[in-house]
$ cat data.txt   # compact mmCIF, C-alpha atoms
# COMPACT_ATOMS: atom_id res chain seq x y z
CA MET G 5 50.18 172.12 67.70
CA ARG G 6 51.17 172.61 71.30
CA TYR G 7 50.90 168.87 71.93
CA VAL G 8 53.22 168.17 69.03
CA LYS G 9 55.80 170.55 70.47
CA TRP G 10 55.49 169.05 73.95
CA THR G 11 55.73 165.52 72.61
CA PHE G 12 58.81 166.39 70.62
CA TRP G 13 60.64 168.05 73.49
CA GLY G 14 59.50 165.33 75.86
CA LEU G 15 61.04 162.73 73.58
CA VAL G 16 64.26 164.72 73.33
CA TRP G 17 64.60 164.94 77.11
CA LEU G 18 63.70 161.28 77.49
CA LEU G 19 66.38 160.29 75.02
CA LEU G 20 68.95 162.46 76.74
CA ALA G 21 68.02 161.11 80.18
CA GLY G 22 68.17 157.55 78.91
CA TRP G 23 71.54 158.08 77.29
CA LEU G 24 72.93 159.65 80.45
CA HIS G 25 71.50 156.85 82.58
CA TYR G 26 73.23 154.32 80.34
CA THR G 27 76.60 156.05 80.12
CA LEU G 28 77.18 157.52 83.58
CA PRO G 29 78.65 155.30 86.29
CA GLN G 30 76.50 153.69 88.96
CA HIS G 31 77.45 151.76 92.04
CA ASP G 32 75.94 148.51 93.26
CA ILE G 33 76.72 146.78 96.54
CA VAL G 34 76.80 143.10 95.76
CA ARG G 35 78.10 139.74 96.84
CA ILE G 36 80.03 138.22 93.98
CA THR G 37 79.05 134.60 93.47
CA ASP G 38 80.92 133.53 90.37
CA THR G 39 83.01 134.67 87.45
CA TYR G 40 83.14 133.07 84.05
CA SER G 41 83.95 133.64 80.45
CA LYS G 42 81.63 132.95 77.58
CA ARG G 43 81.76 133.14 73.83
CA ILE G 44 79.39 135.82 72.55
CA ASP G 45 78.15 136.22 68.97
CA PHE G 46 77.11 139.80 68.48
CA GLY G 47 73.82 140.21 66.71
CA GLU G 48 71.15 142.87 67.00
CA ASN G 49 72.41 143.93 70.43
CA SER G 50 75.95 144.58 69.25
CA ILE G 51 75.86 148.29 70.12
CA PHE G 52 75.45 147.33 73.77
CA TRP G 53 78.78 145.52 73.85
CA ALA G 54 82.16 147.16 74.13
CA THR G 55 85.40 146.48 72.32
CA ALA G 56 87.77 143.58 72.20
CA ASP G 57 90.67 143.80 74.62
CA VAL G 58 92.95 146.60 73.52
CA GLY G 59 95.72 145.19 71.34
CA THR G 60 93.81 142.13 70.15
CA ASP G 61 91.95 141.73 66.87
CA GLY G 62 88.91 143.98 67.06
CA THR G 63 87.20 142.84 63.87
CA SER G 64 85.87 139.39 64.74
CA VAL G 65 82.12 138.85 64.96
CA ASN G 66 82.41 136.87 68.14
CA ARG G 67 84.79 136.77 71.06
CA ASP G 68 85.08 135.56 74.62
CA VAL G 69 83.65 137.95 77.17
CA PHE G 70 84.24 137.88 80.91
CA PHE G 71 81.21 137.90 83.18
CA ILE G 72 80.73 138.51 86.87
CA GLN G 73 77.72 136.97 88.59
CA ALA G 74 76.54 138.68 91.72
CA LYS G 75 73.71 138.91 94.17
CA ARG G 76 72.59 142.36 95.24
CA ALA G 77 71.91 143.37 98.82
CA ASP G 78 68.17 143.01 98.20
CA ASP G 79 68.65 139.41 97.08
CA ARG G 80 68.19 140.21 93.40
CA ILE G 81 70.55 138.74 90.87
CA MET G 82 72.74 140.87 88.65
CA VAL G 83 75.16 139.68 86.02
CA TYR G 84 77.82 142.08 84.78
CA ARG G 85 80.06 141.78 81.80
CA ASN G 86 83.66 142.84 82.04
CA GLU G 87 85.08 144.29 78.85
CA ASP G 88 87.70 146.80 77.83
CA THR G 89 86.35 150.12 76.65
CA GLY G 90 89.85 151.02 75.50
CA TRP G 91 90.24 154.31 73.70
CA GLY G 92 86.63 154.34 72.53
CA TRP G 93 83.25 155.24 73.92
CA PRO G 94 82.23 155.55 76.77
CA PRO G 95 85.40 157.32 77.85
CA TYR G 96 86.22 155.14 80.84
CA PHE G 97 89.60 154.19 79.29
CA LYS G 98 89.31 150.77 80.82
CA PHE G 99 92.25 148.57 79.84
CA ASP G 100 92.57 146.26 82.84
CA THR G 101 89.75 143.82 82.17
CA ALA G 102 91.73 140.72 82.98
CA ASN G 103 93.00 142.29 86.20
CA LEU G 104 89.47 143.26 87.16
CA GLN G 105 88.32 139.70 86.55
CA ALA G 106 91.07 138.46 88.85
CA GLU G 107 90.02 140.95 91.53
CA ALA G 108 86.39 139.91 91.19
CA GLY G 109 87.34 136.26 91.43
CA ASP G 110 89.21 136.99 94.61
CA LEU G 111 86.07 138.51 96.14
CA LYS G 112 83.81 135.52 95.55
CA SER G 113 81.89 134.43 98.61
CA THR G 114 78.96 132.31 99.74
CA ALA G 115 75.75 133.34 101.43
CA ALA G 116 76.94 131.75 104.64
CA ASP G 117 80.09 133.85 104.74
CA PRO G 118 79.41 136.91 102.59
CA GLN G 119 82.06 139.27 101.29
CA TRP G 120 80.41 142.46 100.12
CA ALA G 121 81.84 144.46 97.28
CA VAL G 122 80.96 147.59 95.36
CA VAL G 123 80.78 147.28 91.60
CA ARG G 124 81.05 150.50 89.64
CA HIS G 125 79.39 149.92 86.30
CA TYR G 126 77.62 151.54 83.42
CA GLY G 127 74.97 150.17 81.08
CA TRP G 128 71.75 148.29 81.45
CA ARG G 129 70.70 144.75 82.19
CA ASN G 130 67.96 143.71 79.83
CA GLU G 131 67.04 140.06 79.58
CA TYR G 132 65.06 140.55 76.37
CA LEU G 133 68.04 141.97 74.52
CA THR G 134 70.58 139.95 76.50
CA ILE G 135 72.67 142.94 77.40
CA PHE G 136 74.67 143.41 80.55
CA PRO G 137 76.13 146.36 82.41
CA ASN G 138 79.89 146.69 82.06
CA ALA G 139 81.74 146.52 85.36
CA VAL G 140 84.47 149.13 85.56
CA GLU G 141 85.76 148.77 89.11
CA VAL G 142 85.32 146.38 92.01
CA TRP G 143 86.39 146.91 95.58
CA PRO G 144 85.49 145.27 98.87
CA VAL G 145 83.35 146.97 101.51
CA GLU G 146 82.35 146.08 105.02
CA GLY G 147 78.67 145.38 104.62
CA PRO G 148 75.59 145.79 102.45
CA ASP G 149 74.61 149.12 104.03
CA VAL G 150 77.62 151.18 103.05
CA ARG G 151 76.69 154.59 101.67
CA ILE G 152 78.17 155.46 98.29
CA ILE G 153 77.92 159.05 97.11
CA PRO G 154 78.19 159.43 93.32
CA TRP G 155 80.45 162.48 93.26
CA PHE G 156 81.30 162.30 89.59
CA ASN G 157 77.65 162.12 88.55
CA ILE G 158 76.74 165.04 90.77
CA VAL G 159 79.48 167.23 89.35
CA LEU G 160 78.83 166.26 85.75
CA LEU G 161 75.04 166.65 85.89
CA THR G 162 75.33 170.03 87.60
CA PHE G 163 77.74 171.16 84.92
CA LEU G 164 75.43 169.86 82.19
CA ALA G 165 72.40 171.58 83.72
CA ALA G 166 74.33 174.84 83.93
CA LEU G 167 75.36 174.48 80.30
CA ILE G 168 71.81 173.80 79.10
CA TRP G 169 70.49 176.70 81.19
CA GLY G 170 73.14 179.03 79.78
CA VAL G 171 72.33 178.06 76.21
CA ARG G 172 68.59 178.40 76.84
CA VAL G 173 68.92 181.87 78.41
CA ARG G 174 71.06 183.08 75.55
CA TRP G 175 68.67 181.63 72.97
CA ILE G 176 65.69 183.39 74.55
CA ARG G 177 67.58 186.69 74.67
CA PHE G 178 68.61 186.26 71.02
CA ARG G 179 65.07 185.43 70.01
CA MET G 180 63.64 188.48 71.79
CA LYS G 181 66.23 190.79 70.30
CA ARG G 182 66.43 189.53 66.75
CA ILE G 183 63.67 187.18 65.74
CA ASP G 184 60.51 188.50 67.45
CA PRO G 185 60.77 192.02 65.96
CA VAL G 186 61.15 190.49 62.50
CA ILE G 187 58.10 188.29 63.04
CA GLU G 188 56.11 191.31 64.23
CA ASP G 189 57.12 193.22 61.10
CA VAL G 190 56.05 190.30 58.95
CA GLU G 191 52.71 190.09 60.75
CA GLU G 192 52.14 193.79 60.31
CA ALA G 193 52.95 193.47 56.62
CA PHE G 194 50.41 190.66 56.32
CA ASP G 195 47.79 192.76 58.11
CA ALA G 196 48.45 195.72 55.84
CA ALA G 197 48.26 193.48 52.77
CA GLY G 198 45.04 191.99 54.04
CA ASP G 199 43.49 195.43 54.54
CA SER G 200 44.54 196.52 51.11
CA ILE G 201 43.13 193.34 49.58
CA SER G 202 39.75 193.79 51.25
CA GLY G 203 39.87 197.39 50.05
CA THR G 204 40.52 196.09 46.52
CA THR G 205 37.73 193.55 46.80
CA SER G 206 35.19 196.13 47.83
CA ARG G 207 36.41 198.46 45.05
CA LEU G 208 36.19 195.58 42.56
CA GLY G 209 32.78 194.68 43.91
CA ARG G 210 31.59 198.22 43.48
CA PHE G 211 33.08 198.30 39.98
CA PHE G 212 31.20 195.15 38.90
CA LYS G 213 28.01 196.25 40.62
CA ARG G 214 28.16 199.53 38.75
CA LYS G 215 28.43 197.60 35.50
CA MET T 18 96.82 151.12 68.49
CA ILE T 19 94.67 152.32 65.61
CA ALA T 20 91.98 153.33 68.07
CA LEU T 21 94.47 155.50 69.91
CA VAL T 22 95.57 157.12 66.65
CA ARG T 23 91.95 157.79 65.80
CA LEU T 24 91.34 159.35 69.19
CA VAL T 25 94.40 161.56 68.87
CA VAL T 26 93.58 162.70 65.33
CA PHE T 27 89.93 163.44 65.93
CA GLY T 28 90.65 164.89 69.34
CA PHE T 29 93.24 167.21 67.86
CA LEU T 30 90.86 168.32 65.11
CA PHE T 31 88.01 168.96 67.51
CA LEU T 32 90.20 170.79 70.00
CA SER T 33 91.64 172.88 67.19
CA VAL T 34 88.15 174.00 66.24
CA VAL T 35 87.45 174.88 69.88
CA TYR T 36 90.78 176.69 70.15
CA LEU T 37 90.11 178.73 67.02
CA GLY T 38 86.65 179.63 68.23
CA ILE T 39 87.84 180.78 71.64
CA SER T 40 90.82 182.58 70.14
CA ILE T 41 88.73 184.52 67.65
CA TYR T 42 86.16 185.41 70.31
CA SER T 43 88.85 186.57 72.73
CA ARG T 44 90.53 188.66 70.07
CA SER T 45 87.27 190.33 69.10
CA VAL T 46 86.53 191.15 72.73
CA ARG T 47 89.99 192.63 73.10
CA ARG T 48 89.59 194.66 69.93
CA GLY T 49 86.24 195.96 71.16
CA LYS T 50 87.81 197.04 74.45
CA LEU T 51 90.63 198.82 72.62
CA LYS T 52 88.14 200.70 70.45
CA LEU T 53 86.09 201.65 73.51
CA GLN T 54 89.22 202.79 75.29
CA TRP T 55 90.24 204.98 72.36
CA ASP T 56 86.79 206.49 71.95
CA GLU T 57 86.30 207.18 75.65
CA GLU T 58 89.68 208.71 76.26
CA LYS T 59 89.40 210.75 73.03
CA ARG T 60 93.03 210.29 72.17
CA GLU T 61 94.79 211.95 69.33
CA GLY T 62 96.70 210.25 66.58
CA ASP T 63 96.19 207.16 64.53
CA ARG T 64 93.35 205.00 65.82
CA SER T 65 94.12 201.95 63.74
CA ALA T 66 97.79 202.07 64.77
CA PHE T 67 96.74 202.19 68.40
CA ILE T 68 94.47 199.19 67.92
CA ARG T 69 97.14 197.29 66.03
CA GLU T 70 99.71 197.89 68.76
CA GLY T 71 97.17 196.92 71.38
CA MET T 72 96.45 193.67 69.56
CA GLU T 73 100.16 192.89 69.27
CA ALA T 74 100.56 193.49 72.99
CA TYR T 75 97.61 191.17 73.54
CA GLU T 76 99.26 188.44 71.49
CA ARG T 77 102.27 188.60 73.77
CA SER T 78 100.14 188.51 76.89
CA LEU T 79 99.46 185.62 79.24
CA ARG T 80 95.73 185.44 78.44
CA HIS T 81 96.40 184.65 74.81
CA LYS T 82 98.74 181.86 75.80
CA LEU T 83 96.30 180.47 78.36
CA ILE T 84 93.94 179.52 75.55
CA LEU T 85 96.42 176.78 74.66
CA LEU T 86 95.15 175.05 77.79
CA VAL T 87 92.34 173.86 75.53
CA TYR T 88 94.81 171.28 74.26
CA ILE T 89 96.39 170.45 77.58
CA ILE T 90 93.41 170.02 79.90
CA PRO T 91 91.75 167.11 78.04
CA VAL T 92 95.05 165.24 78.01
CA ILE T 93 95.35 165.69 81.76
CA VAL T 94 91.73 164.64 82.28
CA ILE T 95 92.20 161.49 80.19
CA GLY T 96 95.39 160.67 82.03
CA THR T 97 93.59 161.03 85.34
CA ILE T 98 90.73 158.81 84.19
CA ILE T 99 93.19 156.16 83.04
CA TYR T 100 94.94 156.28 86.38
CA ILE T 101 91.72 156.08 88.39
CA THR T 102 90.21 153.30 86.29
CA ASN T 103 93.22 151.08 85.89
CA TYR T 104 95.49 151.69 88.84
CA THR T 105 93.20 152.00 91.86

$ encode --input "data.txt" --output "structure tokens"
Amino acid sequence: MRYVKWTFWGLVWLLLAGWLHYTLPQHDIVRITDTYSKRIDFGENSIFWATADVGTDGTSVNRDVFFIQAKRADDRIMVYRNEDTGWGWPPYFKFDTANLQAEAGDLKSTAADPQWAVVRHYGWRNEYLTIFPNAVEVWPVEGPDVRIIPWFNIVLLTFLAALIWGVRVRWIRFRMKRIDPVIEDVEEAFDAAGDSISGTTSRLGRFFKRK
Amino acid sequence: MIALVRLVVFGFLFLSVVYLGISIYSRSVRRGKLKLQWDEEKREGDRSAFIREGMEAYERSLRHKLILLVYIIPVIVIGTIIYITNYT
């Protein structure tokens, strides 16, 4: 029974951590190699794509999506998409997709003459689902070793941890004050009933034996 | 624009629920303090009138009006996010 409880809570935390990892912003230091636009038909992976540009028709099953190709500082490739999140979720309120694409295009460089940039993004890259992280901001930096401190994530996660801790403390207090005494009363009632039943059984037994 | 309307409508509904919750909690705390004050000071006269006047004074107070910040702060936060995301 304990394993069931642990598995359940473990899954809950895993889901929460995964969701946070997907939604919160991360920063990559990359060298942008190319930008392009491609028609995407949304299929099974449609929840991993954002909205059409704010103001355009949002109901079509396919649309052109901007992409930004980049090479990370450790020579690994990363491809970002560049879509409006608009007024929806996640609440980045990103409306300037076309501008961002222009900025990214301006920062293109070759390996011989690299121009490093930081890409703030959210989301995951998964080749098997063909999903891409959504670039939210791009700005140039001096080199691949610049240190980026994720202030927003730090503040938000601390606040979330404090909230969860507060709820947990209050739940435990509530349980100790209200629920445990009731459970003890119920257990005592069961014990008393059990005693009286065994008393009855022995009386019944004696009754039948007498007969 | 429909997405903005949706955000505003649902945001207003949700914030109204939060506002009501905080308002009711704050009022009950205030009422409890008034009752405690009356019982401790062992005043004479009408207890319920004292509590009623205390609650009316509370409704005129700054604290009661500060709860309206529940509506204002998310708007400011969203405005800041829009500025940071789109204009920097």

$ interface_residues --input "data.txt" --of "chain G" --to "chain T" --cutoff "9 Å" --atoms "all atoms listed in the file" --output "compact mmCIF listing (two decimals) with C-alpha atoms, keeping the file's coordinate frame"
# COMPACT_ATOMS: atom_id res chain seq x y z
CA VAL G 58 92.95 146.60 73.52
CA GLY G 59 95.72 145.19 71.34
CA GLY G 90 89.85 151.02 75.50
CA TRP G 91 90.24 154.31 73.70
CA GLY G 92 86.63 154.34 72.53
CA PRO G 95 85.40 157.32 77.85
CA TYR G 96 86.22 155.14 80.84
CA PHE G 97 89.60 154.19 79.29
CA LYS G 98 89.31 150.77 80.82
CA PHE G 99 92.25 148.57 79.84
CA ASP G 100 92.57 146.26 82.84
CA THR G 101 89.75 143.82 82.17
CA ASN G 103 93.00 142.29 86.20
CA LEU G 104 89.47 143.26 87.16
CA VAL G 140 84.47 149.13 85.56
CA GLU G 141 85.76 148.77 89.11

$ residues_around --input "data.txt" --residues "region 35-39 of chain G" --least-positions-apart "3" --cutoff "12 Å" --atoms "all atoms listed in the file" --output "ChimeraX atom specification"
/G:32,42,69-86,102,104-123,142-148

$ write_last_selection --input "data.txt" --atoms "C-alpha atoms" --output "PDB file, keeping the file's coordinate frame"
ATOM      1  CA  ASP G  32      75.940 148.510  93.260  1.00  0.00           C
ATOM      2  CA  LYS G  42      81.630 132.950  77.580  1.00  0.00           C
ATOM      3  CA  VAL G  69      83.650 137.950  77.170  1.00  0.00           C
ATOM      4  CA  PHE G  70      84.240 137.880  80.910  1.00  0.00           C
ATOM      5  CA  PHE G  71      81.210 137.900  83.180  1.00  0.00           C
ATOM      6  CA  ILE G  72      80.730 138.510  86.870  1.00  0.00           C
ATOM      7  CA  GLN G  73      77.720 136.970  88.590  1.00  0.00           C
ATOM      8  CA  ALA G  74      76.540 138.680  91.720  1.00  0.00           C
ATOM      9  CA  LYS G  75      73.710 138.910  94.170  1.00  0.00           C
ATOM     10  CA  ARG G  76      72.590 142.360  95.240  1.00  0.00           C
ATOM     11  CA  ALA G  77      71.910 143.370  98.820  1.00  0.00           C
ATOM     12  CA  ASP G  78      68.170 143.010  98.200  1.00  0.00           C
ATOM     13  CA  ASP G  79      68.650 139.410  97.080  1.00  0.00           C
ATOM     14  CA  ARG G  80      68.190 140.210  93.400  1.00  0.00           C
ATOM     15  CA  ILE G  81      70.550 138.740  90.870  1.00  0.00           C
ATOM     16  CA  MET G  82      72.740 140.870  88.650  1.00  0.00           C
ATOM     17  CA  VAL G  83      75.160 139.680  86.020  1.00  0.00           C
ATOM     18  CA  TYR G  84      77.820 142.080  84.780  1.00  0.00           C
ATOM     19  CA  ARG G  85      80.060 141.780  81.800  1.00  0.00           C
ATOM     20  CA  ASN G  86      83.660 142.840  82.040  1.00  0.00           C
ATOM     21  CA  ALA G 102      91.730 140.720  82.980  1.00  0.00           C
ATOM     22  CA  LEU G 104      89.470 143.260  87.160  1.00  0.00           C
ATOM     23  CA  GLN G 105      88.320 139.700  86.550  1.00  0.00           C
ATOM     24  CA  ALA G 106      91.070 138.460  88.850  1.00  0.00           C
ATOM     25  CA  GLU G 107      90.020 140.950  91.530  1.00  0.00           C
ATOM     26  CA  ALA G 108      86.390 139.910  91.190  1.00  0.00           C
ATOM     27  CA  GLY G 109      87.340 136.260  91.430  1.00  0.00           C
ATOM     28  CA  ASP G 110      89.210 136.990  94.610  1.00  0.00           C
ATOM     29  CA  LEU G 111      86.070 138.510  96.140  1.00  0.00           C
ATOM     30  CA  LYS G 112      83.810 135.520  95.550  1.00  0.00           C
ATOM     31  CA  SER G 113      81.890 134.430  98.610  1.00  0.00           C
ATOM     32  CA  THR G 114      78.960 132.310  99.740  1.00  0.00           C
ATOM     33  CA  ALA G 115      75.750 133.340 101.430  1.00  0.00           C
ATOM     34  CA  ALA G 116      76.940 131.750 104.640  1.00  0.00           C
ATOM     35  CA  ASP G 117      80.090 133.850 104.740  1.00  0.00           C
ATOM     36  CA  PRO G 118      79.410 136.910 102.590  1.00  0.00           C
ATOM     37  CA  GLN G 119      82.060 139.270 101.290  1.00  0.00           C
ATOM     38  CA  TRP G 120      80.410 142.460 100.120  1.00  0.00           C
ATOM     39  CA  ALA G 121      81.840 144.460  97.280  1.00  0.00           C
ATOM     40  CA  VAL G 122      80.960 147.590  95.360  1.00  0.00           C
ATOM     41  CA  VAL G 123      80.780 147.280  91.600  1.00  0.00           C
ATOM     42  CA  VAL G 142      85.320 146.380  92.010  1.00  0.00           C
ATOM     43  CA  TRP G 143      86.390 146.910  95.580  1.00  0.00           C
ATOM     44  CA  PRO G 144      85.490 145.270  98.870  1.00  0.00           C
ATOM     45  CA  VAL G 145      83.350 146.970 101.510  1.00  0.00           C
ATOM     46  CA  GLU G 146      82.350 146.080 105.020  1.00  0.00           C
ATOM     47  CA  GLY G 147      78.670 145.380 104.620  1.00  0.00           C
ATOM     48  CA  PRO G 148      75.590 145.790 102.450  1.00  0.00           C
TER      49      PRO G 148
END

$ residues_near_point --input "data.txt" --point "(82.2, 148.1, 76.1)" --cutoff "8 Å" --atoms "all atoms listed in the file" --output "mmCIF file with C-alpha atoms, in the frame of the given file"
data_model
loop_
_atom_site.group_PDB
_atom_site.id
_atom_site.type_symbol
_atom_site.label_atom_id
_atom_site.label_comp_id
_atom_site.auth_asym_id
_atom_site.auth_seq_id
_atom_site.Cartn_x
_atom_site.Cartn_y
_atom_site.Cartn_z
ATOM 1 C CA PHE G 52 75.450 147.330 73.770
ATOM 2 C CA TRP G 53 78.780 145.520 73.850
ATOM 3 C CA ALA G 54 82.160 147.160 74.130
ATOM 4 C CA THR G 55 85.400 146.480 72.320
ATOM 5 C CA GLU G 87 85.080 144.290 78.850
ATOM 6 C CA ASP G 88 87.700 146.800 77.830
ATOM 7 C CA THR G 89 86.350 150.120 76.650
ATOM 8 C CA TRP G 93 83.250 155.240 73.920
ATOM 9 C CA PRO G 94 82.230 155.550 76.770
ATOM 10 C CA ASN G 138 79.890 146.690 82.060
#

$ atom_distance --input "data.txt" --atom1 "CA of Arg80 (chain T)" --atom2 "CA of Val34 (chain T)"
18.4 Å

$ residues_around --input "data.txt" --residues "region 49-51 of chain T" --least-positions-apart "3" --cutoff "8 Å" --atoms "all atoms listed in the file" --output "tab-separated table (two decimals) with C-alpha atoms, keeping the file's coordinate frame"
chain	number	residue	atom	x	y	z
T	45	SER	CA	87.27	190.33	69.10
T	46	VAL	CA	86.53	191.15	72.73
T	54	GLN	CA	89.22	202.79	75.29
T	55	TRP	CA	90.24	204.98	72.36
T	68	ILE	CA	94.47	199.19	67.92
T	71	GLY	CA	97.17	196.92	71.38

$ atom_distance --input "data.txt" --atom1 "CA of Ser200 (chain G)" --atom2 "CA of Arg182 (chain G)"
27.8 Å

$ atom_distance --input "data.txt" --atom1 "CA of Leu83 (chain T)" --atom2 "CA of Ser40 (chain T)"
10.1 Å

$ residues_around --input "data.txt" --residues "Ile44 (chain G)" --least-positions-apart "6" --cutoff "8 Å" --atoms "all atoms listed in the file" --output "MDAnalysis selection string"
chainID G and resid 66:69

$ residues_near_point --input "data.txt" --point "(70.6, 148.2, 70.0)" --cutoff "12 Å" --atoms "only C-alpha atoms" --output "PyMOL selection string"
chain G and resi 46-53+128+130+132-135

$ closest_residue --input "data.txt" --among "G:Ile153, G:Ala56, G:Ala139, G:Ala165" --to "Ala21 (chain G)" --atoms "all atoms listed in the file"
G:Ala165

$ residues_around --input "data.txt" --residues "Glu73 (chain T)" --least-positions-apart "6" --cutoff "12 Å" --atoms "only C-alpha atoms" --output "PyMOL selection string"
chain T and resi 44+47-48+51+66-67+81

$ write_last_selection --input "data.txt" --atoms "C-alpha atoms" --output "mmCIF file, keeping the file's coordinate frame"
data_model
loop_
_atom_site.group_PDB
_atom_site.id
_atom_site.type_symbol
_atom_site.label_atom_id
_atom_site.label_comp_id
_atom_site.auth_asym_id
_atom_site.auth_seq_id
_atom_site.Cartn_x
_atom_site.Cartn_y
_atom_site.Cartn_z
ATOM 1 C CA ARG T 44 90.530 188.660 70.070
ATOM 2 C CA ARG T 47 89.990 192.630 73.100
ATOM 3 C CA ARG T 48 89.590 194.660 69.930
ATOM 4 C CA LEU T 51 90.630 198.820 72.620
ATOM 5 C CA ALA T 66 97.790 202.070 64.770
ATOM 6 C CA PHE T 67 96.740 202.190 68.400
ATOM 7 C CA HIS T 81 96.400 184.650 74.810
#

$ axis_aligned_box --input "data.txt" --around "region 95-113 of chain G" --padding-each-side "4 Å" --output "JSON"
{"center_x": 87.4, "center_y": 145.9, "center_z": 88.2, "size_x": 19.1, "size_y": 30.9, "size_z": 28.8}
